[in-house]
$ cat final16.tsv   # TSV, C-alpha atoms
chain	number	residue	atom	x	y	z
T	1	MET	CA	10.86	-23.83	-7.51
T	2	LYS	CA	13.35	-21.06	-6.91
T	3	ILE	CA	11.20	-17.95	-6.68
T	4	ALA	CA	12.43	-14.34	-6.66
T	5	LEU	CA	10.20	-11.57	-5.27
T	6	LEU	CA	11.19	-8.07	-6.40
T	7	THR	CA	9.69	-4.90	-4.98
T	8	LEU	CA	10.46	-1.24	-4.26
T	9	GLY	CA	8.72	1.46	-2.27
T	10	THR	CA	7.36	1.88	1.24
T	11	ARG	CA	6.15	-0.77	3.67
T	12	GLY	CA	2.83	-1.01	1.82
T	13	ASP	CA	4.77	-2.14	-1.28
T	14	VAL	CA	6.94	-4.62	0.62
T	15	GLN	CA	4.72	-6.35	3.18
T	16	PRO	CA	2.45	-8.08	0.59
T	17	PHE	CA	5.55	-9.73	-0.92
T	18	ALA	CA	6.71	-10.88	2.50
T	19	ILE	CA	3.29	-12.44	3.16
T	20	LEU	CA	3.28	-14.22	-0.21
T	21	GLY	CA	6.91	-15.28	0.20
T	22	LYS	CA	6.23	-16.89	3.56
T	23	ALA	CA	3.27	-18.82	2.12
T	24	LEU	CA	5.34	-20.00	-0.84
T	25	LYS	CA	8.18	-21.11	1.43
T	26	THR	CA	5.67	-23.13	3.48
T	27	ARG	CA	4.81	-24.93	0.25
T	28	GLY	CA	8.45	-26.00	-0.12
T	29	HIS	CA	9.71	-23.39	-2.56
T	30	THR	CA	13.02	-21.56	-2.18
T	31	VAL	CA	12.09	-17.89	-1.83
T	32	THR	CA	14.29	-14.79	-1.99
T	33	VAL	CA	12.98	-11.25	-1.58
T	34	SER	CA	14.95	-8.34	-3.03
T	35	THR	CA	14.20	-4.77	-2.00
T	36	ALA	CA	15.78	-1.78	-0.21
T	37	ALA	CA	18.28	-2.41	2.60
T	38	ASN	CA	16.07	-0.76	5.24
T	39	PHE	CA	13.68	-3.73	4.96
T	40	SER	CA	16.36	-6.34	5.66
T	41	SER	CA	15.30	-7.23	9.21
T	42	PHE	CA	11.62	-7.04	8.26
T	43	ILE	CA	11.99	-9.57	5.43
T	44	GLN	CA	14.20	-11.85	7.48
T	45	SER	CA	11.58	-11.86	10.28
T	46	TYR	CA	9.42	-13.81	7.82
T	47	GLY	CA	12.15	-16.43	7.48
T	48	LEU	CA	12.97	-15.42	3.90
T	49	ASP	CA	16.31	-14.96	2.12
T	50	PHE	CA	17.09	-11.34	1.32
T	51	VAL	CA	19.04	-9.49	-1.39
T	52	GLN	CA	19.34	-5.76	-0.82
T	53	VAL	CA	19.32	-2.96	-3.38
T	54	ASP	CA	20.25	0.67	-2.89
T	55	ALA	CA	16.86	2.02	-4.00
T	56	ASP	CA	15.62	3.32	-0.65
T	57	PHE	CA	12.42	5.17	-1.53
T	58	GLN	CA	11.64	5.93	2.10
T	59	GLU	CA	14.98	7.72	2.54
T	60	ILE	CA	14.30	9.79	-0.58
T	61	LEU	CA	10.76	10.65	0.52
T	62	ASN	CA	12.07	11.81	3.88
T	63	SER	CA	14.74	14.05	2.28
T	64	GLU	CA	14.15	17.70	1.42
T	65	GLU	CA	14.20	16.86	-2.31
T	66	GLY	CA	11.70	14.07	-1.74
T	67	LYS	CA	9.34	16.31	0.20
T	68	LYS	CA	9.46	18.85	-2.63
T	69	MET	CA	8.70	16.11	-5.17
T	70	MET	CA	5.75	14.92	-3.10
T	71	SER	CA	4.29	18.41	-2.86
T	72	ASN	CA	4.86	19.01	-6.59
T	73	PRO	CA	5.26	15.73	-8.55
T	74	LEU	CA	5.96	17.66	-11.75
T	75	SER	CA	9.25	18.81	-10.22
T	76	ALA	CA	10.50	15.20	-10.10
T	77	ARG	CA	11.89	15.41	-13.65
T	78	LYS	CA	14.79	17.66	-12.64
T	79	HIS	CA	15.87	15.15	-9.98
T	80	LEU	CA	15.83	12.12	-12.29
T	81	HIS	CA	19.48	12.13	-13.41
T	82	ARG	CA	20.96	12.80	-9.97
T	83	LEU	CA	18.64	10.87	-7.64
T	84	ILE	CA	16.46	8.41	-9.51
T	85	TYR	CA	18.37	7.02	-12.51
T	86	PRO	CA	21.43	5.72	-10.57
T	87	MET	CA	19.12	4.11	-8.01
T	88	ILE	CA	17.01	2.43	-10.71
T	89	GLU	CA	20.02	1.10	-12.65
T	90	ASP	CA	21.55	-0.39	-9.48
T	91	ALA	CA	18.23	-2.03	-8.57
T	92	MET	CA	17.73	-3.47	-12.06
T	93	ALA	CA	21.22	-4.96	-12.07
T	94	LYS	CA	20.66	-6.77	-8.76
T	95	PHE	CA	17.12	-7.79	-9.69
T	96	TYR	CA	18.35	-9.20	-13.00
T	97	THR	CA	21.16	-11.20	-11.37
T	98	LEU	CA	18.69	-12.77	-8.94
T	99	SER	CA	16.11	-13.37	-11.67
T	100	LYS	CA	18.58	-15.22	-13.91
T	101	ASP	CA	19.04	-17.78	-11.15
T	102	SER	CA	15.31	-18.24	-10.53
T	103	ASP	CA	12.52	-20.33	-12.03
T	104	MET	CA	9.85	-17.72	-11.36
T	105	VAL	CA	9.88	-13.98	-10.69
T	106	LEU	CA	7.09	-12.10	-8.93
T	107	PHE	CA	7.62	-8.36	-9.33
T	108	HIS	CA	6.09	-5.06	-8.27
T	109	VAL	CA	5.55	-2.66	-11.15
T	110	LYS	CA	8.17	-0.32	-9.61
T	111	ALA	CA	10.76	-3.10	-9.93
T	112	MET	CA	10.28	-3.01	-13.75
T	113	ALA	CA	11.36	-6.62	-14.31
T	114	ASP	CA	9.22	-6.74	-17.44
T	115	CYS	CA	11.74	-4.36	-19.02
T	116	TYR	CA	14.23	-7.20	-19.42
T	117	ALA	CA	11.79	-10.14	-19.54
T	118	ASP	CA	13.00	-10.99	-23.05
T	119	GLY	CA	16.43	-11.68	-21.52
T	120	LEU	CA	15.20	-14.19	-18.95
T	121	LYS	CA	14.20	-17.84	-18.99
T	122	ALA	CA	12.21	-17.50	-15.77
T	123	LYS	CA	8.43	-17.15	-15.74
T	124	LEU	CA	7.39	-13.61	-14.72
T	125	ILE	CA	4.21	-12.57	-12.89
T	126	ARG	CA	3.31	-8.94	-12.29
T	127	THR	CA	2.32	-8.83	-8.61
T	128	ASN	CA	0.56	-5.81	-7.09
T	129	VAL	CA	-2.20	-4.52	-4.87
T	130	VAL	CA	-2.89	-1.35	-6.89
T	131	PRO	CA	-4.35	-1.78	-10.43
T	132	ALA	CA	-2.62	1.24	-11.93
T	133	VAL	CA	-0.96	-0.13	-15.09
T	134	GLN	CA	-3.59	-2.28	-16.83
T	135	PRO	CA	-6.13	-0.03	-18.60
T	136	THR	CA	-9.83	-0.59	-18.04
T	137	ARG	CA	-13.06	1.19	-18.88
T	138	GLU	CA	-14.57	0.31	-15.52
T	139	PHE	CA	-12.65	2.65	-13.24
T	140	VAL	CA	-10.22	5.54	-13.48
T	141	ASN	CA	-6.50	4.98	-12.92
T	142	PRO	CA	-6.25	4.89	-9.10
T	143	ILE	CA	-3.30	7.29	-9.22
T	144	VAL	CA	-5.47	10.11	-10.66
T	145	SER	CA	-8.85	9.29	-9.15
T	146	PHE	CA	-9.13	12.87	-7.85
T	147	LEU	CA	-9.85	14.02	-11.43
T	148	ASN	CA	-13.43	12.66	-11.31
T	149	LEU	CA	-13.34	11.94	-15.05
T	150	PRO	CA	-16.42	10.86	-17.04
T	151	SER	CA	-16.40	7.08	-17.41
T	152	PHE	CA	-15.66	7.14	-21.15
T	153	LEU	CA	-12.24	8.63	-20.30
T	154	ASN	CA	-11.32	5.98	-17.71
T	155	LYS	CA	-9.13	4.01	-20.09
T	156	VAL	CA	-7.31	7.15	-21.24
T	157	SER	CA	-6.31	7.92	-17.64
T	158	TYR	CA	-3.88	4.99	-17.71
T	159	LYS	CA	-1.68	6.92	-20.13
T	160	LEU	CA	-0.21	8.48	-16.99
T	161	SER	CA	1.42	5.14	-16.15
T	162	ASP	CA	2.82	4.99	-19.68
T	163	LEU	CA	4.25	8.48	-19.17
T	164	GLY	CA	5.94	7.33	-15.97
T	165	MET	CA	7.58	4.44	-17.84
T	166	LYS	CA	8.73	6.78	-20.61
T	167	MET	CA	10.53	8.87	-17.98
T	168	MET	CA	12.51	5.72	-17.14
T	169	ASN	CA	13.43	4.94	-20.78
T	170	LYS	CA	17.02	6.12	-20.39
T	171	PRO	CA	18.07	3.85	-17.48
T	172	ILE	CA	15.98	0.99	-18.90
T	173	ASN	CA	17.60	1.08	-22.34
T	174	ASN	CA	21.07	1.63	-20.84
T	175	PHE	CA	20.60	-1.46	-18.73
T	176	ARG	CA	19.26	-3.55	-21.60
T	177	ARG	CA	22.36	-2.71	-23.65
T	178	SER	CA	24.62	-3.52	-20.69
T	179	ILE	CA	23.28	-7.09	-20.52
T	180	GLY	CA	23.37	-7.59	-24.28
T	181	ILE	CA	19.68	-7.25	-25.17
T	182	ASN	CA	19.26	-5.52	-28.50
T	183	GLY	CA	16.38	-3.20	-29.27
T	184	LYS	CA	14.24	-0.96	-27.10
T	185	TYR	CA	11.90	-2.24	-24.44
T	186	LYS	CA	8.44	-3.29	-25.61
T	187	ASN	CA	5.43	-4.15	-23.46
T	188	GLN	CA	5.34	-7.85	-22.61
T	189	ASP	CA	2.24	-10.04	-22.23
T	190	ILE	CA	2.81	-11.05	-18.61
T	191	PRO	CA	0.28	-12.62	-16.20
T	192	SER	CA	-0.85	-10.42	-13.30
T	193	ILE	CA	-2.09	-11.20	-9.82
T	194	TYR	CA	-3.60	-8.59	-7.51
T	195	GLY	CA	-4.10	-8.89	-3.76
T	196	ILE	CA	-7.57	-7.37	-4.08
T	197	SER	CA	-10.95	-8.78	-3.07
T	198	SER	CA	-13.63	-8.70	-5.74
T	199	TYR	CA	-16.13	-8.12	-2.93
T	200	PHE	CA	-14.53	-4.68	-2.55
T	201	LEU	CA	-13.43	-3.94	-6.14
T	202	PRO	CA	-14.74	-6.34	-8.80
T	203	LYS	CA	-12.22	-7.45	-11.40
T	204	PRO	CA	-12.88	-5.47	-14.61
T	205	LYS	CA	-14.60	-7.45	-17.35
T	206	ASP	CA	-12.18	-6.04	-19.94
T	207	TYR	CA	-9.07	-7.34	-18.13
T	208	PRO	CA	-7.19	-10.16	-19.89
T	209	GLU	CA	-7.73	-13.79	-18.88
T	210	ASN	CA	-4.24	-14.03	-17.40
T	211	CYS	CA	-5.09	-11.39	-14.77
T	212	PHE	CA	-6.41	-12.49	-11.37
T	213	PHE	CA	-7.96	-10.81	-8.32
T	214	THR	CA	-7.15	-13.31	-5.58
T	215	GLY	CA	-8.63	-11.65	-2.50
T	216	PHE	CA	-6.69	-9.59	0.05
T	217	TRP	CA	-3.34	-10.98	1.23
T	218	PHE	CA	-3.89	-11.20	4.96
T	219	GLU	CA	-1.57	-12.74	7.49
T	220	ASP	CA	-2.12	-13.98	11.03
T	221	SER	CA	0.66	-12.40	13.02
T	222	THR	CA	2.48	-14.45	15.63
T	223	VAL	CA	3.29	-11.26	17.59
T	224	GLU	CA	0.90	-10.49	20.44
T	225	LEU	CA	-0.11	-7.04	21.66
T	226	ASP	CA	1.97	-5.91	24.61
T	227	HIS	CA	0.37	-5.60	28.03
T	228	GLY	CA	0.43	-1.79	27.95
T	229	ILE	CA	-1.78	-1.71	24.85
T	230	LEU	CA	-4.12	-4.36	26.25
T	231	ASP	CA	-4.39	-2.42	29.52
T	232	PHE	CA	-5.46	0.66	27.56
T	233	PHE	CA	-8.12	-1.31	25.68
T	234	ASN	CA	-9.44	-2.80	28.91
T	235	ALA	CA	-9.57	0.56	30.70
T	236	GLY	CA	-12.65	1.90	28.91
T	237	GLU	CA	-14.80	1.91	25.79
T	238	ARG	CA	-13.36	0.88	22.44
T	239	PRO	CA	-11.11	3.67	21.11
T	240	LEU	CA	-10.69	5.08	17.64
T	241	LEU	CA	-7.50	4.22	15.77
T	242	PHE	CA	-5.56	7.13	14.26
T	243	THR	CA	-2.65	6.50	11.90
T	244	LEU	CA	-1.32	8.16	8.77
T	245	GLY	CA	0.93	5.34	7.59
T	246	SER	CA	4.64	5.14	6.90
T	247	MET	CA	5.07	8.15	4.61
T	248	PRO	CA	6.12	11.67	5.62
T	249	PHE	CA	3.41	14.30	5.36
T	250	ARG	CA	2.66	17.94	5.94
T	251	THR	CA	-0.48	19.53	7.33
T	252	THR	CA	-1.56	23.03	8.31
T	253	ILE	CA	-3.58	21.88	11.33
T	254	ASP	CA	-2.21	21.01	14.75
T	255	LEU	CA	-3.00	17.29	14.85
T	256	PRO	CA	-2.17	16.72	18.55
T	257	LYS	CA	-4.39	19.67	19.47
T	258	VAL	CA	-7.36	18.45	17.42
T	259	LEU	CA	-7.01	14.85	18.66
T	260	ASN	CA	-7.14	16.12	22.25
T	261	ARG	CA	-10.21	18.16	21.33
T	262	ILE	CA	-11.93	15.10	19.85
T	263	THR	CA	-11.50	13.07	23.04
T	264	LYS	CA	-13.16	15.85	25.06
T	265	GLU	CA	-15.95	16.96	22.70
T	266	LEU	CA	-16.90	13.52	21.40
T	267	LYS	CA	-16.14	11.69	24.65
T	268	THR	CA	-14.06	9.05	22.94
T	269	ARG	CA	-10.65	7.49	23.37
T	270	ILE	CA	-7.94	7.23	20.69
T	271	ILE	CA	-4.99	4.92	20.07
T	272	VAL	CA	-2.39	6.59	17.85
T	273	VAL	CA	0.14	4.71	15.70
T	274	LYS	CA	2.87	7.29	15.16
T	275	GLY	CA	4.32	6.82	11.68
T	276	TRP	CA	6.72	9.44	10.35
T	277	GLY	CA	4.65	12.60	10.40
T	278	LEU	CA	3.67	12.67	14.06
T	279	ASN	CA	6.85	13.63	15.85
T	280	ASP	CA	5.91	15.74	18.88
T	281	MET	CA	3.67	13.54	21.02
T	282	THR	CA	4.03	15.58	24.23
T	283	GLN	CA	0.49	16.99	24.07
T	284	LEU	CA	-1.04	13.57	23.47
T	285	GLU	CA	0.90	11.67	26.11
T	286	LYS	CA	-0.58	13.91	28.83
T	287	ASN	CA	-4.11	12.84	27.85
T	288	GLU	CA	-5.22	9.67	29.68
T	289	ASN	CA	-7.75	8.99	26.90
T	290	ILE	CA	-5.01	8.74	24.27
T	291	ARG	CA	-2.39	6.02	23.92
T	292	VAL	CA	0.53	6.58	21.52
T	293	ILE	CA	2.39	3.54	20.15
T	294	ASP	CA	5.13	3.03	17.58
T	295	GLY	CA	3.36	0.10	15.97
T	296	ALA	CA	1.51	-3.18	16.45
T	297	PRO	CA	0.21	-6.03	14.26
T	298	TYR	CA	-3.04	-4.73	12.78
T	299	ASP	CA	-4.70	-8.14	12.73
T	300	LYS	CA	-4.41	-8.11	16.54
T	301	LEU	CA	-4.94	-4.35	17.10
T	302	ILE	CA	-7.90	-3.41	14.88
T	303	PRO	CA	-10.43	-5.91	16.30
T	304	HIS	CA	-10.21	-3.94	19.60
T	305	ILE	CA	-11.11	-0.54	18.10
T	306	ARG	CA	-14.43	1.14	17.33
T	307	ALA	CA	-13.44	2.67	13.98
T	308	ALA	CA	-10.31	3.96	12.22
T	309	ILE	CA	-9.01	7.23	10.84
T	310	HIS	CA	-6.15	6.50	8.45
T	311	HIS	CA	-4.27	7.53	5.33
T	312	GLY	CA	-6.20	5.29	2.95
T	313	GLY	CA	-3.60	2.68	2.06
T	314	ILE	CA	-5.18	-0.52	0.79
T	315	GLY	CA	-3.38	-2.63	3.41
T	316	THR	CA	-4.83	-0.68	6.35
T	317	SER	CA	-8.22	-0.43	4.63
T	318	ALA	CA	-8.30	-4.20	4.09
T	319	GLU	CA	-7.46	-4.89	7.74
T	320	CYS	CA	-10.34	-2.63	8.79
T	321	MET	CA	-12.69	-4.54	6.47
T	322	ARG	CA	-11.38	-7.85	7.79
T	323	ALA	CA	-12.31	-6.79	11.33
T	324	GLY	CA	-15.65	-5.21	10.34
T	325	LYS	CA	-14.57	-1.67	11.29
T	326	PRO	CA	-15.66	1.47	9.37
T	327	PHE	CA	-13.12	4.14	8.59
T	328	LEU	CA	-12.41	7.70	7.49
T	329	THR	CA	-9.57	8.10	5.00
T	330	CYS	CA	-7.37	11.21	5.15
T	331	PRO	CA	-5.11	10.72	2.11
T	332	VAL	CA	-1.54	11.83	2.65
T	333	LEU	CA	-0.79	11.36	-1.06
T	334	TYR	CA	-3.08	13.85	-2.79
T	335	PRO	CA	-3.95	14.82	-5.46
T	336	LEU	CA	-1.87	12.02	-6.99
T	337	GLY	CA	-1.84	8.59	-5.38
T	338	ASP	CA	-4.14	5.62	-4.82
T	339	GLN	CA	-5.23	6.48	-1.25
T	340	HIS	CA	-8.10	8.70	-2.44
T	341	PHE	CA	-9.20	5.93	-4.83
T	342	TRP	CA	-9.56	3.32	-2.07
T	343	GLY	CA	-11.28	5.79	0.24
T	344	THR	CA	-13.79	6.66	-2.48
T	345	ILE	CA	-14.62	3.00	-3.10
T	346	ALA	CA	-15.12	2.46	0.65
T	347	TYR	CA	-17.45	5.49	0.66
T	348	LYS	CA	-19.49	4.09	-2.24
T	349	LYS	CA	-19.67	0.72	-0.48
T	350	GLY	CA	-21.00	2.40	2.65
T	351	ILE	CA	-18.16	1.20	4.88
T	352	GLY	CA	-16.27	4.50	5.05
T	353	LEU	CA	-16.86	8.23	4.94
T	354	LYS	CA	-16.03	10.41	1.96
T	355	PRO	CA	-12.23	10.91	1.87
T	356	LEU	CA	-10.91	14.03	3.56
T	357	PRO	CA	-7.44	14.74	2.11
T	358	LEU	CA	-4.98	15.85	4.76
T	359	LYS	CA	-3.92	18.96	2.87
T	360	ASN	CA	-7.55	20.09	2.38
T	361	MET	CA	-8.85	19.58	5.92
T	362	ASN	CA	-9.29	22.16	8.64
T	363	GLU	CA	-9.94	21.52	12.30
T	364	GLU	CA	-13.71	21.92	12.04
T	365	SER	CA	-14.14	19.66	9.00
T	366	PHE	CA	-12.03	16.97	10.66
T	367	VAL	CA	-13.97	17.03	13.93
T	368	LYS	CA	-17.27	16.95	12.01
T	369	SER	CA	-16.17	13.90	10.00
T	370	VAL	CA	-14.95	12.05	13.10
T	371	LYS	CA	-18.29	12.74	14.80
T	372	GLU	CA	-20.11	11.19	11.86
T	373	LEU	CA	-17.73	8.23	11.87
T	374	ILE	CA	-18.69	7.54	15.48
T	375	GLN	CA	-22.44	8.05	15.10
T	376	ASN	CA	-23.34	6.69	11.62
T	377	LYS	CA	-24.88	3.28	12.39
T	378	LYS	CA	-25.14	2.29	8.70
T	379	LEU	CA	-21.33	2.34	8.44
T	380	TYR	CA	-21.09	-0.27	11.19
T	381	ASP	CA	-23.81	-2.48	9.70
T	382	ASN	CA	-22.23	-2.39	6.24
T	383	SER	CA	-18.74	-3.01	7.62
T	384	TRP	CA	-19.98	-6.10	9.45
T	385	LYS	CA	-21.52	-7.41	6.22
T	386	MET	CA	-18.24	-6.81	4.35
T	387	MET	CA	-16.35	-8.71	7.05
T	388	GLU	CA	-18.68	-11.69	6.61
T	389	LYS	CA	-18.07	-11.69	2.84
T	390	LEU	CA	-14.30	-11.56	3.22
T	391	LYS	CA	-14.40	-14.63	5.46
T	392	LYS	CA	-15.39	-16.63	2.37
T	393	GLU	CA	-12.06	-16.12	0.58
T	394	ASP	CA	-8.41	-16.87	1.27
T	395	GLY	CA	-6.42	-14.47	-0.92
T	396	VAL	CA	-2.98	-15.84	-0.05
T	397	SER	CA	-3.98	-19.44	-0.73
T	398	ASN	CA	-5.63	-18.41	-4.00
T	399	ALA	CA	-2.49	-16.51	-5.06
T	400	VAL	CA	-0.22	-19.46	-4.26
T	401	GLN	CA	-2.41	-21.83	-6.29
T	402	ILE	CA	-2.30	-19.46	-9.28
T	403	ILE	CA	1.48	-19.02	-9.01
T	404	GLU	CA	2.03	-22.78	-8.91
T	405	SER	CA	-0.38	-23.40	-11.79
T	406	LEU	CA	1.47	-20.89	-13.95
$ encode --input "final16.tsv" --output "structure tokens"
Amino acid sequence: MKIALLTLGTRGDVQPFAILGKALKTRGHTVTVSTAANFSSFIQSYGLDFVQVDADFQEILNSEEGKKMMSNPLSARKHLHRLIYPMIEDAMAKFYTLSKDSDMVLFHVKAMADCYADGLKAKLIRTNVVPAVQPTREFVNPIVSFLNLPSFLNKVSYKLSDLGMKMMNKPINNFRRSIGINGKYKNQDIPSIYGISSYFLPKPKDYPENCFFTGFWFEDSTVELDHGILDFFNAGERPLLFTLGSMPFRTTIDLPKVLNRITKELKTRIIVVKGWGLNDMTQLEKNENIRVIDGAPYDKLIPHIRAAIHHGGIGTSAECMRAGKPFLTCPVLYPLGDQHFWGTIAYKKGIGLKPLPLKNMNEESFVKSVKELIQNKKLYDNSWKMMEKLKKEDGVSNAVQIIESL
């Protein structure tokens, strides 16, 4: 088959498609991934064909307007016409052209391919790792999990996703008219696959039959850790991992200062993966118990650590579970965003501490949580048990079988 994979967003939105695409290509399919230009080399490193779009969400998030939208999502409306609509219309045009020439289309909800599904012959599959668009009574919409709603309101919380789609009605309907589709967009009955393990989050009983939780989409990286990182691991006890992901963030505490304090007071070592928000590493690089790196394959890195402190993205969380490592989530996206949702589930499962949103933390609360992360033996026992469960499933293989069967 000729398969198109369409996605938009940050690395956490793109990497799952690269992993699936590589597996599908191994099965003999012709696979093309379409996303923002800044992921060109990343996608091609997986041996996949690439079609770029101009919708660079990471560039927007790193701009002054983007930072204002992140701190106050309600302000996004005034930027729609100038920033968002042109980007969305360009992306839809390129996605549609690729989709017309494909037998099957796997798409992230942000790619909105379902908006012109009635103009395609290809089979479409909604493909995500965050269950934020299909309503269920069993859990709140992950994007608004901070609300702590009573369970009878869970299904109502998904109206937020509908509101987000309504904000896109103008570019959607403009595009539909431009390709000759009459009438406004209506919701389509499209199969869904999620790269989620039911051992971590059970598939809701009220989800439709054409929705599948396959297990996490892990990959075994061919890139080895460099000797400098291995030397650090071999120089002492297992360190903590500290990373806040690939999104920009703001905090009122001096992170380098508090990380230095943690190594002294808690007598631990730390390996720091920089990301975008940690710019001045001077204080950390003087500390022999801290190693700062730009990045490394997590499937190779995380098995060497004691525990992790991270932003709460499901990709990083899953890699910690895969390696049997407990974690503390410090959501960068808060109050809106799925990071708090995943951290809360990990807390309820006993494999993580209660989430500590970055904007709400102070130095003392952070140090206290890290101390508990190090000392709470139950977290380590439960994380080991979760690791053993995850060994029983192969999410990528399950996803490929479903895709081919559809």
$ closest_residue --input "final16.tsv" --among "T:Asp206, T:Ile3, T:Ala111, T:Ile19" --to "Ala36 (chain T)" --atoms "only C-alpha atoms"
T:Ala111
$ atom_distance --input "final16.tsv" --atom1 "CA of Val156 (chain T)" --atom2 "CA of Lys203 (chain T)"
18.3 Å
$ atom_distance --input "final16.tsv" --atom1 "CA of Val370 (chain T)" --atom2 "CA of Asp294 (chain T)"
22.5 Å
$ residues_around --input "final16.tsv" --residues "Tyr347 (chain T)" --least-positions-apart "6" --cutoff "12 Å" --atoms "only C-alpha atoms" --output "ChimeraX atom specification"
/T:200,312,317,326-329,340-341,353-356,373,378-379,382-383
$ closest_residue --input "final16.tsv" --among "T:Met92, T:Val292, T:Leu358, T:Leu153" --to "Thr252 (chain T)" --atoms "all atoms listed in the file"
T:Leu358
$ closest_residue --input "final16.tsv" --among "T:Thr7, T:Gln401, T:Asn234, T:Thr344" --to "His304 (chain T)" --atoms "only C-alpha atoms"
T:Asn234
$ closest_residue --input "final16.tsv" --among "T:Met104, T:Ser246, T:Asp299, T:Leu284" --to "His311 (chain T)" --atoms "all atoms listed in the file"
T:Ser246
$ atom_distance --input "final16.tsv" --atom1 "CA of Ile293 (chain T)" --atom2 "CA of Gly275 (chain T)"
9.3 Å
$ residues_around --input "final16.tsv" --residues "Asn141 (chain T)" --least-positions-apart "5" --cutoff "9 Å" --atoms "all atoms listed in the file" --output "PyMOL selection string"
chain T and resi 131-136+154-161+338+341
$ build_atoms --input "final16.tsv" --residues "region 28-39 of chain T" --atoms "N, CA and C atoms" --output "mmCIF file, in the frame of the given file"
data_model
loop_
_atom_site.group_PDB
_atom_site.id
_atom_site.type_symbol
_atom_site.label_atom_id
_atom_site.label_comp_id
_atom_site.auth_asym_id
_atom_site.auth_seq_id
_atom_site.Cartn_x
_atom_site.Cartn_y
_atom_site.Cartn_z
ATOM 1 N N GLY T 28 7.232 -25.292 0.249
ATOM 2 C CA GLY T 28 8.450 -26.000 -0.120
ATOM 3 C C GLY T 28 9.307 -25.312 -1.152
ATOM 4 N N HIS T 29 8.921 -24.115 -1.570
ATOM 5 C CA HIS T 29 9.710 -23.390 -2.560
ATOM 6 C C HIS T 29 10.857 -22.634 -1.892
ATOM 7 N N THR T 30 11.908 -22.386 -2.656
ATOM 8 C CA THR T 30 13.020 -21.560 -2.180
ATOM 9 C C THR T 30 12.726 -20.122 -2.572
ATOM 10 N N VAL T 31 12.589 -19.246 -1.589
ATOM 11 C CA VAL T 31 12.090 -17.890 -1.830
ATOM 12 C C VAL T 31 13.123 -16.861 -1.397
ATOM 13 N N THR T 32 13.401 -15.910 -2.297
ATOM 14 C CA THR T 32 14.290 -14.790 -1.990
ATOM 15 C C THR T 32 13.579 -13.491 -2.319
ATOM 16 N N VAL T 33 13.574 -12.563 -1.374
ATOM 17 C CA VAL T 33 12.980 -11.250 -1.580
ATOM 18 C C VAL T 33 14.102 -10.237 -1.782
ATOM 19 N N SER T 34 13.962 -9.400 -2.793
ATOM 20 C CA SER T 34 14.950 -8.340 -3.030
ATOM 21 C C SER T 34 14.252 -6.989 -2.994
ATOM 22 N N THR T 35 14.739 -6.114 -2.120
ATOM 23 C CA THR T 35 14.200 -4.770 -2.000
ATOM 24 C C THR T 35 15.235 -3.910 -1.265
ATOM 25 N N ALA T 36 14.835 -2.723 -0.820
ATOM 26 C CA ALA T 36 15.780 -1.780 -0.210
ATOM 27 C C ALA T 36 16.337 -2.323 1.110
ATOM 28 N N ALA T 37 17.559 -1.900 1.427
ATOM 29 C CA ALA T 37 18.280 -2.410 2.600
ATOM 30 C C ALA T 37 17.535 -2.148 3.905
ATOM 31 N N ASN T 38 16.749 -1.075 3.978
ATOM 32 C CA ASN T 38 16.070 -0.760 5.240
ATOM 33 C C ASN T 38 14.988 -1.765 5.606
ATOM 34 N N PHE T 39 14.660 -2.685 4.672
ATOM 35 C CA PHE T 39 13.680 -3.730 4.960
ATOM 36 C C PHE T 39 14.333 -5.078 5.265
#
